[in-house]
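**Student:** Quick one: the structure is below, and I'll ask about it shortly.
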Amino acid sequence: MENYKSLDSHVFFRSGFVQTVYHQKTQKGNFVFKADVRPSFRVSVQPHHPWVSTTDEGRVIAGHCDCMAGLGETCSHVGALLYKIEAAVCLGYTAEACTDVPCAWNQNFVAEVQPARVTDINFYRVEAKEKILQKQTPDCANIVSTGSENENQFLNVMSSFSTPPVCLSLFSEYNSKFVCGPSSSVTRTKLPLSLGELYKSEYISSASLEESKKK
């Protein structure tokens, strides 16, 4: 008979009248929940302060509120508090938060780095090596894999490229394309004369003669 307006509890919860819920675990393993609930008609006055005690299994032990109906240990404010607790559990808001445990990303690191020779360090992943091998010329790749016996053949293949690599300039048989001179087919860029080429001794004597005239 005292709960004839018990459906108002869900209306209070759905309207957002239930404020922040605080909880405390007792020594016996039970829980006490407390929250402020705004009145339904006079929203400008101080909120009510209901509290409820439950077991760890969710069974309600007792409940109380400082409103008029709460003196009979039953009111819509206590029910609204229970509705909010139930919704928080169903939505997973009461689960362990990521801030309650140590940072997992900060626990993974290398404590010690062992030194090694540069020749023993792998700077590329397997996928990167495969991409590099695919970009190479098939003829060159086959020649390199046969060993040092086909060195001349490998150099001939590189010299046949439209733009030969610079490493060929180290070999006397193939460095003719990199030599700039009268007999070379490479066009020399026309540059202005340097200061050394512009120097002449008669210019100094004429300059000193002009300075003496001014004095």
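Going through the structure tokens in order, the chains are called A, B, and so on, while each chain numbers its residues from 1 and the ligands are numbered from 1 in the order shown.
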As a PDB file with N, CA and C atoms, in the first residue's frame, please: the residues near A:Glu86 (cut-off 12 Å, only C-alpha atoms, same-chain neighbours under 6 positions excluded).

**Tutor:**
ATOM      1  N   HIS A  10      11.396   4.967 -11.647  1.00  0.00           N
ATOM      2  CA  HIS A  10      12.008   4.870 -12.968  1.00  0.00           C
ATOM      3  C   HIS A  10      11.929   6.199 -13.700  1.00  0.00           C
ATOM      4  N   PHE A  13      14.820   8.288 -12.409  1.00  0.00           N
ATOM      5  CA  PHE A  13      16.089   7.837 -12.988  1.00  0.00           C
ATOM      6  C   PHE A  13      16.204   8.244 -14.446  1.00  0.00           C
ATOM      7  N   VAL A  21      26.582   8.588  -7.652  1.00  0.00           N
ATOM      8  CA  VAL A  21      26.374   7.502  -6.693  1.00  0.00           C
ATOM      9  C   VAL A  21      27.704   7.182  -6.028  1.00  0.00           C
ATOM     10  N   GLY A  58      23.544  -8.605  -4.401  1.00  0.00           N
ATOM     11  CA  GLY A  58      22.545  -7.667  -4.901  1.00  0.00           C
ATOM     12  C   GLY A  58      21.243  -7.657  -4.135  1.00  0.00           C
ATOM     13  N   ARG A  59      21.121  -8.401  -3.034  1.00  0.00           N
ATOM     14  CA  ARG A  59      19.879  -8.399  -2.254  1.00  0.00           C
ATOM     15  C   ARG A  59      19.844  -7.165  -1.357  1.00  0.00           C
ATOM     16  N   GLY A  79      14.168   3.939  -4.770  1.00  0.00           N
ATOM     17  CA  GLY A  79      13.974   3.134  -5.977  1.00  0.00           C
ATOM     18  C   GLY A  79      14.735   3.691  -7.170  1.00  0.00           C
ATOM     19  N   ALA A  80      14.765   5.017  -7.309  1.00  0.00           N
ATOM     20  CA  ALA A  80      15.521   5.626  -8.405  1.00  0.00           C
ATOM     21  C   ALA A  80      17.011   5.343  -8.264  1.00  0.00           C
ATOM     22  N   GLY A  92      27.895  -2.174 -17.982  1.00  0.00           N
ATOM     23  CA  GLY A  92      29.310  -2.450 -17.794  1.00  0.00           C
ATOM     24  C   GLY A  92      30.106  -1.295 -17.214  1.00  0.00           C
ATOM     25  N   TYR A  93      29.435  -0.289 -16.650  1.00  0.00           N
ATOM     26  CA  TYR A  93      30.153   0.851 -16.086  1.00  0.00           C
ATOM     27  C   TYR A  93      30.840   0.521 -14.765  1.00  0.00           C
ATOM     28  N   THR A  94      30.447  -0.568 -14.126  1.00  0.00           N
ATOM     29  CA  THR A  94      31.045  -0.935 -12.840  1.00  0.00           C
ATOM     30  C   THR A  94      32.230  -1.873 -12.994  1.00  0.00           C
TER      31      THR A  94
END

**Student:** Find the distance between atom CA of A:Lys25 and atom CA of A:Asp66 and write it in Å to one decimal.

**Tutor:**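 Value for the atom CA of A:Lys25-atom CA of A:Asp66 distance: 22.1 Å.
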
**Student:** Write out as a list in words the residues lying within 12 Å of A:His49, counting only C-alpha atoms and excluding same-chain residues fewer than 6 positions away.

**Tutor:** Phe17, Val18, Gln19, Thr20, Val21, Tyr22, Phe33, Lys34, Ala35, Asp36, Val37, Arg38, Pro39, Gly63, His64, Cys65, Asp66, Cys67, Met68, Gly70, Cys75, Ser76, His77, Val78, Ala80 and Leu81 of chain A
